[in-house]
file work.txt (compact mmCIF, C-alpha atoms and all ligand atoms)
# COMPACT_ATOMS: atom_id res chain seq x y z
CA MET Y 1 0.00 0.00 0.00
CA THR Y 2 1.10 3.58 -0.55
CA LEU Y 3 0.77 5.70 2.56
CA ILE Y 4 -0.13 9.35 2.25
CA VAL Y 5 1.83 11.07 5.01
CA LYS Y 6 1.34 14.75 5.67
CA GLN Y 7 4.74 16.51 5.91
CA GLY Y 8 6.26 13.06 5.32
CA GLN Y 9 9.87 14.25 5.11
CA GLU Y 10 9.77 15.99 8.50
CA LYS Y 11 11.49 14.22 11.37
CA ALA Y 12 8.97 12.03 13.21
CA SER Y 13 7.92 13.22 16.67
CA GLU Y 14 7.29 11.00 19.67
CA ALA Y 15 3.60 12.05 19.75
CA PHE Y 16 3.19 11.11 16.07
CA ILE Y 17 4.81 7.68 16.50
CA ARG Y 18 2.76 6.97 19.62
CA MET Y 19 -0.45 7.61 17.67
CA LEU Y 20 0.47 5.19 14.86
CA PRO Y 21 -1.15 1.78 15.40
CA LYS Y 22 1.78 -0.63 15.78
CA ALA Y 23 2.44 -4.32 16.35
CA GLU Y 24 5.36 -5.72 18.32
CA LEU Y 25 6.60 -9.01 16.86
CA HIS Y 26 9.92 -9.60 18.63
CA LEU Y 27 9.67 -9.38 22.39
CA HIS Y 28 10.89 -11.96 24.91
CA LEU Y 29 8.58 -11.82 27.92
CA GLU Y 30 11.46 -12.86 30.19
CA GLY Y 31 13.36 -9.89 28.73
CA SER Y 32 10.69 -7.49 29.97
CA LEU Y 33 11.46 -8.34 33.62
CA GLU Y 34 12.38 -4.96 35.12
CA PRO Y 35 14.82 -4.99 38.08
CA GLU Y 36 12.11 -3.53 40.36
CA LEU Y 37 9.75 -6.44 39.62
CA MET Y 38 12.67 -8.87 39.91
CA PHE Y 39 13.28 -7.68 43.48
CA ARG Y 40 9.58 -7.86 44.34
CA LEU Y 41 9.28 -11.42 43.02
CA ALA Y 42 12.51 -12.47 44.76
CA GLU Y 43 11.09 -11.23 48.05
CA ARG Y 44 7.69 -12.83 47.42
CA ASN Y 45 9.33 -16.18 46.65
CA GLY Y 46 12.03 -16.05 49.35
CA ILE Y 47 14.92 -15.93 46.88
CA GLN Y 48 18.29 -14.30 47.61
CA LEU Y 49 19.43 -12.30 44.55
CA PRO Y 50 23.15 -11.92 43.77
CA TYR Y 51 22.54 -8.14 43.61
CA GLY Y 52 22.04 -5.69 46.49
CA SER Y 53 19.96 -3.05 44.70
CA VAL Y 54 18.20 -2.07 41.48
CA ASP Y 55 21.15 0.21 40.66
CA GLU Y 56 23.58 -2.65 41.08
CA VAL Y 57 21.50 -4.77 38.70
CA ARG Y 58 21.44 -2.02 36.07
CA LYS Y 59 25.23 -1.62 36.38
CA ALA Y 60 25.61 -5.34 35.63
CA TYR Y 61 23.77 -4.82 32.32
CA ASP Y 62 26.98 -3.86 30.52
CA PHE Y 63 27.10 -6.38 27.70
CA THR Y 64 29.85 -7.14 25.22
CA ASN Y 65 27.93 -9.57 23.00
CA LEU Y 66 24.85 -11.83 22.92
CA GLN Y 67 26.29 -14.51 25.25
CA SER Y 68 27.31 -12.00 27.93
CA PHE Y 69 23.65 -10.90 28.00
CA LEU Y 70 22.15 -14.41 27.92
CA ASP Y 71 24.21 -15.48 30.96
CA ILE Y 72 22.59 -12.75 33.10
CA TYR Y 73 19.17 -13.04 31.45
CA TYR Y 74 18.76 -16.74 32.35
CA GLN Y 75 19.93 -16.01 35.91
CA CYS Y 76 17.32 -13.24 36.34
CA ALA Y 77 14.49 -15.53 35.17
CA ASP Y 78 15.00 -17.64 38.31
CA VAL Y 79 12.67 -15.31 40.27
CA LEU Y 80 9.72 -16.41 38.08
CA ARG Y 81 8.14 -19.29 39.98
CA THR Y 82 4.33 -19.05 40.27
CA GLU Y 83 1.40 -18.53 37.90
CA GLN Y 84 0.97 -15.05 39.40
CA ASP Y 85 4.64 -14.23 38.68
CA PHE Y 86 4.13 -14.96 34.98
CA TYR Y 87 0.88 -12.97 35.04
CA ASP Y 88 2.57 -9.95 36.66
CA LEU Y 89 5.47 -10.09 34.19
CA THR Y 90 3.14 -10.18 31.18
CA TRP Y 91 0.76 -7.56 32.56
CA ALA Y 92 3.61 -5.10 33.19
CA TYR Y 93 4.65 -5.50 29.54
CA LEU Y 94 1.08 -4.93 28.35
CA GLU Y 95 0.93 -1.65 30.29
CA HIS Y 96 4.03 -0.46 28.43
CA CYS Y 97 2.38 -1.46 25.15
CA GLN Y 98 -0.65 0.64 25.96
CA GLN Y 99 1.54 3.66 26.76
CA ASP Y 100 3.38 3.24 23.43
CA GLY Y 101 0.32 2.86 21.19
CA VAL Y 102 0.84 -0.85 20.47
CA VAL Y 103 -2.36 -2.55 19.24
CA HIS Y 104 -1.10 -6.11 18.72
CA ILE Y 105 1.72 -8.25 20.15
CA GLU Y 106 3.23 -11.63 19.32
CA PRO Y 107 5.51 -12.18 22.32
CA PHE Y 108 8.00 -15.01 22.84
CA PHE Y 109 8.50 -17.15 25.91
CA ASP Y 110 11.17 -19.80 26.58
CA PRO Y 111 9.53 -22.79 28.34
CA GLN Y 112 12.85 -24.62 28.76
CA THR Y 113 14.22 -21.78 30.94
CA HIS Y 114 11.46 -22.66 33.40
CA THR Y 115 10.85 -26.40 33.00
CA ASP Y 116 14.60 -27.02 33.49
CA ARG Y 117 14.15 -25.45 36.98
CA GLY Y 118 11.23 -27.71 37.81
CA ILE Y 119 8.45 -25.21 36.98
CA ASP Y 120 5.44 -26.83 35.33
CA ILE Y 121 4.85 -25.59 31.77
CA GLY Y 122 1.15 -25.26 32.67
CA THR Y 123 2.04 -22.71 35.38
CA VAL Y 124 3.98 -20.65 32.83
CA VAL Y 125 1.37 -20.81 30.06
CA SER Y 126 -1.55 -20.17 32.41
CA GLY Y 127 -0.03 -17.00 33.92
CA ILE Y 128 0.98 -15.58 30.54
CA THR Y 129 -2.29 -16.36 28.75
CA ARG Y 130 -4.44 -15.04 31.63
CA ALA Y 131 -2.63 -11.68 31.34
CA LEU Y 132 -2.91 -11.70 27.53
CA ARG Y 133 -6.65 -12.32 27.83
CA ASP Y 134 -6.99 -9.41 30.28
CA GLY Y 135 -4.88 -7.29 27.92
CA ASN Y 136 -7.31 -8.03 25.12
CA GLU Y 137 -10.40 -7.29 27.22
CA GLN Y 138 -9.17 -4.33 29.27
CA LEU Y 139 -6.57 -2.66 27.02
CA ASP Y 140 -7.82 -3.72 23.55
CA ILE Y 141 -4.41 -5.22 22.71
CA SER Y 142 -4.68 -8.44 20.72
CA SER Y 143 -1.98 -11.10 20.84
CA GLY Y 144 -0.57 -14.38 19.57
CA LEU Y 145 1.88 -16.18 21.80
CA ILE Y 146 5.05 -17.78 20.35
CA LEU Y 147 6.84 -20.67 22.07
CA CYS Y 148 10.61 -20.49 21.51
CA PHE Y 149 13.04 -23.39 21.58
CA LEU Y 150 16.46 -22.69 23.09
CA ARG Y 151 18.99 -23.42 20.36
CA HIS Y 152 21.92 -24.07 22.73
CA LEU Y 153 20.00 -27.19 23.85
CA SER Y 154 19.50 -30.30 21.71
CA GLU Y 155 16.75 -30.99 19.20
CA ASP Y 156 15.66 -33.91 21.40
CA ASP Y 157 15.15 -31.40 24.22
CA ALA Y 158 13.05 -29.27 21.85
CA PHE Y 159 10.93 -32.33 20.97
CA ALA Y 160 10.45 -33.07 24.69
CA THR Y 161 9.33 -29.45 25.18
CA LEU Y 162 6.87 -29.77 22.29
CA ASP Y 163 5.45 -32.88 24.00
CA LEU Y 164 5.03 -30.96 27.27
CA ALA Y 165 3.36 -28.11 25.35
CA GLN Y 166 0.93 -30.41 23.52
CA PRO Y 167 -2.04 -29.78 25.90
CA TYR Y 168 -1.65 -26.01 25.40
CA LEU Y 169 -1.13 -25.85 21.62
CA GLN Y 170 -4.32 -23.84 21.09
CA HIS Y 171 -2.68 -20.99 23.03
CA PHE Y 172 0.23 -20.62 20.57
CA VAL Y 173 0.19 -18.98 17.18
CA GLY Y 174 3.63 -20.37 16.40
CA VAL Y 175 7.11 -21.43 17.45
CA GLY Y 176 10.45 -19.65 17.36
CA LEU Y 177 14.14 -20.31 17.90
CA ASP Y 178 16.34 -18.20 20.17
CA SER Y 179 19.39 -18.15 22.50
CA SER Y 180 23.07 -18.57 21.48
CA GLU Y 181 23.12 -18.31 17.69
CA VAL Y 182 26.69 -18.93 16.51
CA GLY Y 183 27.45 -22.68 16.46
CA ASN Y 184 23.75 -23.61 16.65
CA PRO Y 185 22.59 -23.38 13.02
CA PRO Y 186 18.93 -23.70 11.95
CA GLU Y 187 19.45 -27.21 10.49
CA LYS Y 188 19.96 -28.51 14.04
CA PHE Y 189 16.17 -28.02 14.47
CA ALA Y 190 14.97 -29.18 11.02
CA ARG Y 191 12.90 -32.14 12.29
CA VAL Y 192 11.17 -30.35 15.17
CA PHE Y 193 10.24 -27.37 12.97
CA SER Y 194 8.87 -29.77 10.36
CA ARG Y 195 6.72 -31.38 13.08
CA CYS Y 196 5.51 -27.93 14.17
CA LYS Y 197 4.51 -27.15 10.58
CA GLU Y 198 2.48 -30.39 10.47
CA LEU Y 199 0.77 -29.25 13.69
CA GLY Y 200 -0.33 -26.08 11.89
CA LEU Y 201 1.98 -23.72 13.81
CA LYS Y 202 3.58 -20.67 12.24
CA ARG Y 203 7.38 -20.54 12.39
CA VAL Y 204 9.91 -17.78 13.07
CA ALA Y 205 13.61 -17.97 14.00
CA HIS Y 206 16.37 -15.70 15.20
CA ALA Y 207 18.92 -15.63 12.38
CA GLY Y 208 21.59 -13.19 11.27
CA GLU Y 209 21.82 -11.38 14.62
CA GLU Y 210 25.44 -12.39 15.22
CA GLY Y 211 25.35 -15.43 12.92
CA PRO Y 212 26.13 -15.44 9.18
CA VAL Y 213 23.85 -15.02 6.16
CA ALA Y 214 23.88 -18.82 5.77
CA TYR Y 215 21.75 -19.01 8.96
CA ILE Y 216 19.13 -16.71 7.41
CA GLU Y 217 19.13 -18.95 4.34
CA GLY Y 218 18.82 -22.06 6.54
CA ALA Y 219 15.93 -20.57 8.51
CA LEU Y 220 14.09 -19.85 5.25
CA ASP Y 221 14.87 -23.02 3.32
CA ILE Y 222 15.11 -25.64 6.09
CA LEU Y 223 12.87 -24.31 8.89
CA ASP Y 224 10.43 -22.74 6.39
CA VAL Y 225 9.89 -19.66 8.57
CA GLN Y 226 7.41 -16.86 7.81
CA ARG Y 227 9.62 -14.19 9.44
CA ILE Y 228 13.28 -13.75 10.38
CA ASP Y 229 14.02 -12.36 13.85
CA HIS Y 230 16.84 -9.78 13.60
CA GLY Y 231 18.27 -10.71 10.18
CA VAL Y 232 20.39 -7.56 10.06
CA ARG Y 233 23.44 -9.46 8.83
CA CYS Y 234 21.66 -9.85 5.48
CA THR Y 235 23.62 -6.67 4.69
CA ASP Y 236 26.63 -8.97 4.12
CA SER Y 237 24.96 -10.31 0.97
CA GLU Y 238 23.45 -8.37 -1.94
CA ALA Y 239 21.74 -11.59 -3.04
CA MET Y 240 20.10 -12.14 0.36
CA MET Y 241 18.87 -8.54 0.57
CA ALA Y 242 17.39 -8.92 -2.92
CA ARG Y 243 15.74 -12.22 -1.96
CA LEU Y 244 14.21 -10.86 1.27
CA ALA Y 245 12.81 -7.87 -0.64
CA HIS Y 246 11.54 -9.97 -3.57
CA GLU Y 247 9.91 -12.63 -1.36
CA ASN Y 248 8.65 -9.97 1.06
CA ILE Y 249 9.99 -11.81 4.11
CA PRO Y 250 9.65 -9.64 7.22
CA LEU Y 251 12.63 -8.94 9.48
CA THR Y 252 11.85 -8.17 13.13
CA VAL Y 253 14.69 -5.75 13.80
CA CYS Y 254 15.63 -4.61 17.34
CA PRO Y 255 17.70 -1.40 17.21
CA LEU Y 256 18.50 -0.88 20.92
CA SER Y 257 19.29 -4.59 21.33
CA ASN Y 258 21.74 -4.43 18.43
CA THR Y 259 23.66 -1.51 19.91
CA ARG Y 260 23.59 -2.84 23.49
CA LEU Y 261 24.91 -6.24 22.30
CA LYS Y 262 27.53 -4.51 20.10
CA VAL Y 263 26.27 -5.77 16.75
CA TYR Y 264 26.74 -2.05 15.95
CA GLN Y 265 28.91 0.29 18.00
CA HIS Y 266 26.53 3.23 17.51
CA MET Y 267 22.92 3.64 16.36
CA SER Y 268 24.13 5.88 13.52
CA GLU Y 269 25.59 2.69 11.94
CA HIS Y 270 22.28 0.80 12.08
CA PRO Y 271 21.09 -0.35 8.61
CA ILE Y 272 17.33 -0.53 9.30
CA LEU Y 273 16.39 2.55 7.28
CA THR Y 274 18.71 1.56 4.42
CA LEU Y 275 16.96 -1.82 4.32
CA LEU Y 276 13.57 -0.08 4.44
CA GLU Y 277 14.53 2.07 1.44
CA ARG Y 278 15.71 -1.04 -0.42
CA GLY Y 279 12.17 -2.40 -0.13
CA LEU Y 280 12.63 -4.94 2.67
CA CYS Y 281 9.73 -5.45 5.08
CA VAL Y 282 11.65 -4.37 8.19
CA THR Y 283 9.87 -3.77 11.51
CA VAL Y 284 10.94 -2.16 14.82
CA ASN Y 285 10.90 -4.17 18.07
CA ALA Y 286 12.30 -4.05 21.61
CA ASP Y 287 13.65 -7.65 22.05
CA ASP Y 288 14.45 -7.47 25.80
CA PRO Y 289 13.42 -3.96 26.87
CA ALA Y 290 14.25 -4.30 30.59
CA PHE Y 291 17.86 -5.11 29.66
CA PHE Y 292 18.42 -2.88 26.63
CA GLY Y 293 17.07 0.49 27.74
CA GLY Y 294 13.58 0.82 26.37
CA TYR Y 295 10.27 -0.38 25.00
CA LEU Y 296 8.90 -0.03 21.49
CA LEU Y 297 8.49 3.75 21.35
CA THR Y 298 12.02 4.27 22.72
CA ASN Y 299 13.33 2.07 19.90
CA TYR Y 300 11.51 4.17 17.29
CA MET Y 301 12.81 7.37 18.92
CA ALA Y 302 16.40 6.07 18.82
CA LEU Y 303 16.02 5.94 15.03
CA VAL Y 304 14.72 9.51 14.96
CA ASP Y 305 17.60 10.72 17.14
CA SER Y 306 20.45 8.89 15.39
CA LEU Y 307 19.17 8.37 11.84
CA ASP Y 308 16.80 11.35 11.39
CA MET Y 309 13.88 9.01 10.71
CA SER Y 310 11.08 10.85 8.92
CA ARG Y 311 7.32 10.70 9.57
CA GLU Y 312 6.89 8.77 6.33
CA GLN Y 313 9.54 6.18 7.29
CA ALA Y 314 8.05 5.77 10.78
CA ALA Y 315 4.61 5.23 9.26
CA ARG Y 316 5.97 2.64 6.81
CA LEU Y 317 7.72 0.76 9.66
CA ALA Y 318 4.46 0.74 11.64
CA ALA Y 319 2.53 -0.47 8.58
CA ASN Y 320 5.11 -3.24 8.07
CA SER Y 321 4.65 -4.40 11.67
CA LEU Y 322 0.90 -4.78 11.08
CA THR Y 323 1.18 -6.56 7.73
CA ALA Y 324 3.97 -8.86 9.02
CA SER Y 325 1.84 -9.99 11.98
CA PHE Y 326 -0.15 -13.23 12.11
CA ALA Y 327 -3.43 -11.33 12.64
CA SER Y 328 -6.29 -11.86 10.18
CA GLU Y 329 -6.29 -9.98 6.87
CA GLU Y 330 -9.55 -8.26 7.91
CA GLN Y 331 -7.98 -7.01 11.14
CA LYS Y 332 -4.86 -5.82 9.33
CA ALA Y 333 -7.01 -3.83 6.87
CA LEU Y 334 -8.77 -2.08 9.79
CA TRP Y 335 -5.48 -1.14 11.47
CA LEU Y 336 -3.99 0.09 8.19
CA GLU Y 337 -7.01 2.29 7.63
CA GLN Y 338 -6.55 3.77 11.13
CA LEU Y 339 -2.86 4.28 10.41
CA GLN Y 340 -3.67 6.11 7.18
CA GLN Y 341 -6.01 8.42 9.09
CA VAL Y 342 -3.27 9.29 11.60
CA CYS Y 343 -0.85 10.05 8.75
CA ALA Y 344 -3.18 12.24 6.74
N1 LIG Y 401 16.81 -14.43 23.93
C1 LIG Y 401 16.43 -13.24 24.41
N2 LIG Y 401 16.91 -12.26 23.64
C2 LIG Y 401 17.62 -12.84 22.65
C3 LIG Y 401 18.33 -12.36 21.53
N3 LIG Y 401 18.46 -11.07 21.26
N4 LIG Y 401 18.93 -13.26 20.72
C4 LIG Y 401 18.83 -14.56 20.97
N5 LIG Y 401 18.15 -15.07 21.99
C5 LIG Y 401 17.55 -14.22 22.82
ZN ZN Y 402 15.24 -11.84 20.40
call {"tool": "encode", "arguments": {"input": "work.txt", "output": "structure tokens", "more": "lines below"}}
Ligand code: ADE
Ligand code: ZN
result
Amino acid sequence: MTLIVKQGQEKASEAFIRMLPKAELHLHLEGSLEPELMFRLAERNGIQLPYGSVDEVRKAYDFTNLQSFLDIYYQCADVLRTEQDFYDLTWAYLEHCQQDGVVHIEPFFDPQTHTDRGIDIGTVVSGITRALRDGNEQLDISSGLILCFLRHLSEDDAFATLDLAQPYLQHFVGVGLDSSEVGNPPEKFARVFSRCKELGLKRVAHAGEEGPVAYIEGALDILDVQRIDHGVRCTDSEAMMARLAHENIPLTVCPLSNTRLKVYQHMSEHPILTLLERGLCVTVNADDPAFFGGYLLTNYMALVDSLDMSREQAARLAANSLTASFASEEQKALWLEQLQQVCA
């Protein structure tokens, strides 16, 4: 669709971006655990944290790469124990979505992070889905939950997780693949993704965050994914950029994550707007906002501040997030009409 955007070349303002209907398609619920909530849950569950204060926690969030983040991220998730903990985590994220003008979310959760600690998958799914239901009813934010397999674990472990998840399949729109990318290529999960496809689940995978273009290719050709999470390393290959544009495969890009994990040293180096102008269906997302310094609107504003993102570009990114979602075509058309009204 062609968007008509009044004063399209002007730099986008925060108020304008907030008003645009937006979807968030790359958000790890465990990554939205703010230090304040972490302390509250630790106290509620009688857990001793290795940190003395919220400030001390934030100081520890000084990452050098993906693995240095994941080590702390999995440790923090240990405070999540009860159904109410998962509800509170998810509800806090939904409140941020409302503040940022997000109308639809497709969040990730990592069951293995919890089942490996003896937490029942039913406890996890029940707390998350109860909050998502309340979010739909009370905040008018629709959602589709995505179960992610941890790629540093084996494919057999992923199959065991799929077995555990079987009674809850109706709660998931799809499956994803996350955690340590380099050394854990998509083909390691070929059989389990094929089984998920047979079960009627959509598929997404992290690829080309730190890993090479070959992982993006593997995610597309072997895992048969509908979207690539991150995918920014497609810039290493003219052929891959052309393919992603031609096949209209969405990339769920996470600007603040990429700078905090040193994929780029500074936001001014980020290629998202270059990819947008090349015709790729790129979208903006927060990844792990409690660890990387901000939710969806803050990620959009980082692009305004460092890349002079225009109103027209912001509107196109928001439109991409809606069209790239797994919502119905009827729903997408309604949102896009609303978005056009905001722009004009
Ligand atoms: N899990 C949470 N955030 C992640 C990221 N950015 N990459 C891979 N796995 C993750
Ligand atoms: Zn991610």
call {"tool": "atom_distance", "arguments": {"input": "work.txt", "atom1": "atom CA of Y:Pro167", "atom2": "atom CA of Y:Tyr73"}}
result
27.6 Å
call {"tool": "residues_near_ligand", "arguments": {"input": "work.txt", "ligand": "ligand LIG 401 (chain Y)", "cutoff": "8 Å", "atoms": "only C-alpha atoms and all ligand atoms", "output": "number ranges by chain"}}
result
Y: 27-28, 30-31, 66, 70, 73, 150, 177-181, 206, 209, 230, 257-258, 287-288
call {"tool": "closest_residue", "arguments": {"input": "work.txt", "among": "Y:Asp224, Y:Asp305, Y:Asp110, Y:Asp134", "to": "ligand ZN 402 (chain Y)", "atoms": "only C-alpha atoms and all ligand atoms"}}
result
Y:Asp110
call {"tool": "atom_distance", "arguments": {"input": "work.txt", "atom1": "atom CA of Y:Thr123", "atom2": "atom CA of Y:Val225"}}
result
28.1 Å
call {"tool": "residues_around", "arguments": {"input": "work.txt", "residues": "Y:Gly293", "least_positions_apart": "4", "cutoff": "10 Å", "atoms": "all atoms listed in the file", "output": "VMD selection string"}}
result
chain Y and resid 58 61 256 to 257 260 286 288 to 289 298 to 299
call {"tool": "residues_around", "arguments": {"input": "work.txt", "residues": "Y:Ile17", "least_positions_apart": "4", "cutoff": "10 Å", "atoms": "all atoms listed in the file", "output": "list in words"}}
result
Ala12, Ser13, Pro21, Lys22, Asp100, Gly101, Leu297, Tyr300, Met301, Arg311, Ala314, Ala315, Ala318, Val342 and Cys343 of chain Y
call {"tool": "residues_around", "arguments": {"input": "work.txt", "residues": "Y:Glu34", "least_positions_apart": "3", "cutoff": "12 Å", "atoms": "all atoms listed in the file", "output": "PyMOL selection string"}}
result
chain Y and resi 29-31+37-41+54-55+57-58+61+73+76-77+79+88-90+92-93+96+288-295
call {"tool": "residues_near_point", "arguments": {"input": "work.txt", "point": "(21.5, 4.9, 7.0)", "cutoff": "10 Å", "atoms": "only C-alpha atoms", "output": "ChimeraX atom specification"}}
result
/Y:267-277,303,306-309
call {"tool": "closest_residue", "arguments": {"input": "work.txt", "among": "Y:Thr252, Y:Gln340, Y:Thr259, Y:Ser142", "to": "ligand ZN 402 (chain Y)", "atoms": "all atoms listed in the file"}}
result
Y:Thr252
call {"tool": "closest_residue", "arguments": {"input": "work.txt", "among": "Y:Phe69, Y:Tyr74, Y:Phe16, Y:Phe109", "to": "Y:Phe86", "atoms": "all atoms listed in the file"}}
result
Y:Phe109
call {"tool": "atom_distance", "arguments": {"input": "work.txt", "atom1": "atom CA of Y:Leu139", "atom2": "atom CA of Y:Gly122"}}
result
24.5 Å
call {"tool": "residues_around", "arguments": {"input": "work.txt", "residues": "Y:Tyr87", "least_positions_apart": "6", "cutoff": "9 Å", "atoms": "only C-alpha atoms", "output": "VMD selection string"}}
result
chain Y and resid 124 126 to 132
call {"tool": "closest_residue", "arguments": {"input": "work.txt", "among": "Y:Gln338, Y:Asn285, Y:Thr323, Y:Gln7", "to": "ligand ZN 402 (chain Y)", "atoms": "all atoms listed in the file"}}
result
Y:Asn285
call {"tool": "axis_aligned_box", "arguments": {"input": "work.txt", "around": "stretch 81-86 of chain Y", "padding_each_side": "3 Å", "output": "AutoDock Vina command-line options"}}
result
--center_x 4.6 --center_y -16.8 --center_z 37.6 --size_x 13.2 --size_y 11.1 --size_z 11.3
call {"tool": "decode", "arguments": {"input": "work.txt", "residues": "stretch 69-84 of chain Y", "atoms": "N, CA, C and O atoms", "output": "PDB file, in the first residue's frame"}}
result
ATOM      1  N   PHE Y  69      25.021 -11.246  27.586  1.00  0.00           N
ATOM      2  CA  PHE Y  69      23.654 -10.900  27.999  1.00  0.00           C
ATOM      3  C   PHE Y  69      22.886 -12.146  28.446  1.00  0.00           C
ATOM      4  O   PHE Y  69      22.267 -12.165  29.520  1.00  0.00           O
ATOM      5  N   LEU Y  70      22.953 -13.207  27.626  1.00  0.00           N
ATOM      6  CA  LEU Y  70      22.154 -14.408  27.919  1.00  0.00           C
ATOM      7  C   LEU Y  70      22.510 -14.995  29.287  1.00  0.00           C
ATOM      8  O   LEU Y  70      21.629 -15.469  30.016  1.00  0.00           O
ATOM      9  N   ASP Y  71      23.785 -14.931  29.667  1.00  0.00           N
ATOM     10  CA  ASP Y  71      24.208 -15.484  30.963  1.00  0.00           C
ATOM     11  C   ASP Y  71      23.447 -14.813  32.114  1.00  0.00           C
ATOM     12  O   ASP Y  71      22.995 -15.485  33.044  1.00  0.00           O
ATOM     13  N   ILE Y  72      23.295 -13.497  32.043  1.00  0.00           N
ATOM     14  CA  ILE Y  72      22.590 -12.752  33.102  1.00  0.00           C
ATOM     15  C   ILE Y  72      21.076 -12.933  32.981  1.00  0.00           C
ATOM     16  O   ILE Y  72      20.360 -13.100  33.967  1.00  0.00           O
ATOM     17  N   TYR Y  73      20.605 -12.933  31.746  1.00  0.00           N
ATOM     18  CA  TYR Y  73      19.169 -13.044  31.447  1.00  0.00           C
ATOM     19  C   TYR Y  73      18.574 -14.340  32.016  1.00  0.00           C
ATOM     20  O   TYR Y  73      17.509 -14.324  32.652  1.00  0.00           O
ATOM     21  N   TYR Y  74      19.275 -15.462  31.826  1.00  0.00           N
ATOM     22  CA  TYR Y  74      18.760 -16.740  32.348  1.00  0.00           C
ATOM     23  C   TYR Y  74      18.798 -16.753  33.881  1.00  0.00           C
ATOM     24  O   TYR Y  74      17.919 -17.308  34.526  1.00  0.00           O
ATOM     25  N   GLN Y  75      19.816 -16.101  34.444  1.00  0.00           N
ATOM     26  CA  GLN Y  75      19.932 -16.014  35.907  1.00  0.00           C
ATOM     27  C   GLN Y  75      18.759 -15.209  36.495  1.00  0.00           C
ATOM     28  O   GLN Y  75      18.151 -15.613  37.485  1.00  0.00           O
ATOM     29  N   CYS Y  76      18.408 -14.100  35.853  1.00  0.00           N
ATOM     30  CA  CYS Y  76      17.318 -13.239  36.345  1.00  0.00           C
ATOM     31  C   CYS Y  76      15.980 -13.975  36.320  1.00  0.00           C
ATOM     32  O   CYS Y  76      15.133 -13.761  37.199  1.00  0.00           O
ATOM     33  N   ALA Y  77      15.784 -14.837  35.324  1.00  0.00           N
ATOM     34  CA  ALA Y  77      14.492 -15.529  35.168  1.00  0.00           C
ATOM     35  C   ALA Y  77      14.196 -16.465  36.339  1.00  0.00           C
ATOM     36  O   ALA Y  77      13.055 -16.913  36.496  1.00  0.00           O
ATOM     37  N   ASP Y  78      15.190 -16.730  37.172  1.00  0.00           N
ATOM     38  CA  ASP Y  78      14.997 -17.643  38.305  1.00  0.00           C
ATOM     39  C   ASP Y  78      13.966 -17.134  39.317  1.00  0.00           C
ATOM     40  O   ASP Y  78      13.414 -17.916  40.088  1.00  0.00           O
ATOM     41  N   VAL Y  79      13.671 -15.829  39.317  1.00  0.00           N
ATOM     42  CA  VAL Y  79      12.675 -15.315  40.272  1.00  0.00           C
ATOM     43  C   VAL Y  79      11.250 -15.666  39.847  1.00  0.00           C
ATOM     44  O   VAL Y  79      10.313 -15.523  40.635  1.00  0.00           O
ATOM     45  N   LEU Y  80      11.063 -16.083  38.591  1.00  0.00           N
ATOM     46  CA  LEU Y  80       9.720 -16.415  38.082  1.00  0.00           C
ATOM     47  C   LEU Y  80       9.373 -17.839  38.496  1.00  0.00           C
ATOM     48  O   LEU Y  80       9.953 -18.799  37.983  1.00  0.00           O
ATOM     49  N   ARG Y  81       8.451 -17.968  39.436  1.00  0.00           N
ATOM     50  CA  ARG Y  81       8.145 -19.293  39.977  1.00  0.00           C
ATOM     51  C   ARG Y  81       6.659 -19.670  39.872  1.00  0.00           C
ATOM     52  O   ARG Y  81       6.325 -20.807  39.608  1.00  0.00           O
ATOM     53  N   THR Y  82       5.759 -18.715  40.144  1.00  0.00           N
ATOM     54  CA  THR Y  82       4.334 -19.055  40.265  1.00  0.00           C
ATOM     55  C   THR Y  82       3.528 -18.518  39.071  1.00  0.00           C
ATOM     56  O   THR Y  82       4.015 -17.657  38.318  1.00  0.00           O
ATOM     57  N   GLU Y  83       2.316 -18.995  38.955  1.00  0.00           N
ATOM     58  CA  GLU Y  83       1.404 -18.528  37.904  1.00  0.00           C
ATOM     59  C   GLU Y  83       1.251 -17.016  37.979  1.00  0.00           C
ATOM     60  O   GLU Y  83       1.259 -16.322  36.965  1.00  0.00           O
ATOM     61  N   GLN Y  84       1.138 -16.499  39.208  1.00  0.00           N
ATOM     62  CA  GLN Y  84       0.968 -15.048  39.397  1.00  0.00           C
ATOM     63  C   GLN Y  84       2.225 -14.285  38.945  1.00  0.00           C
ATOM     64  O   GLN Y  84       2.114 -13.172  38.418  1.00  0.00           O
TER      65      GLN Y  84
END
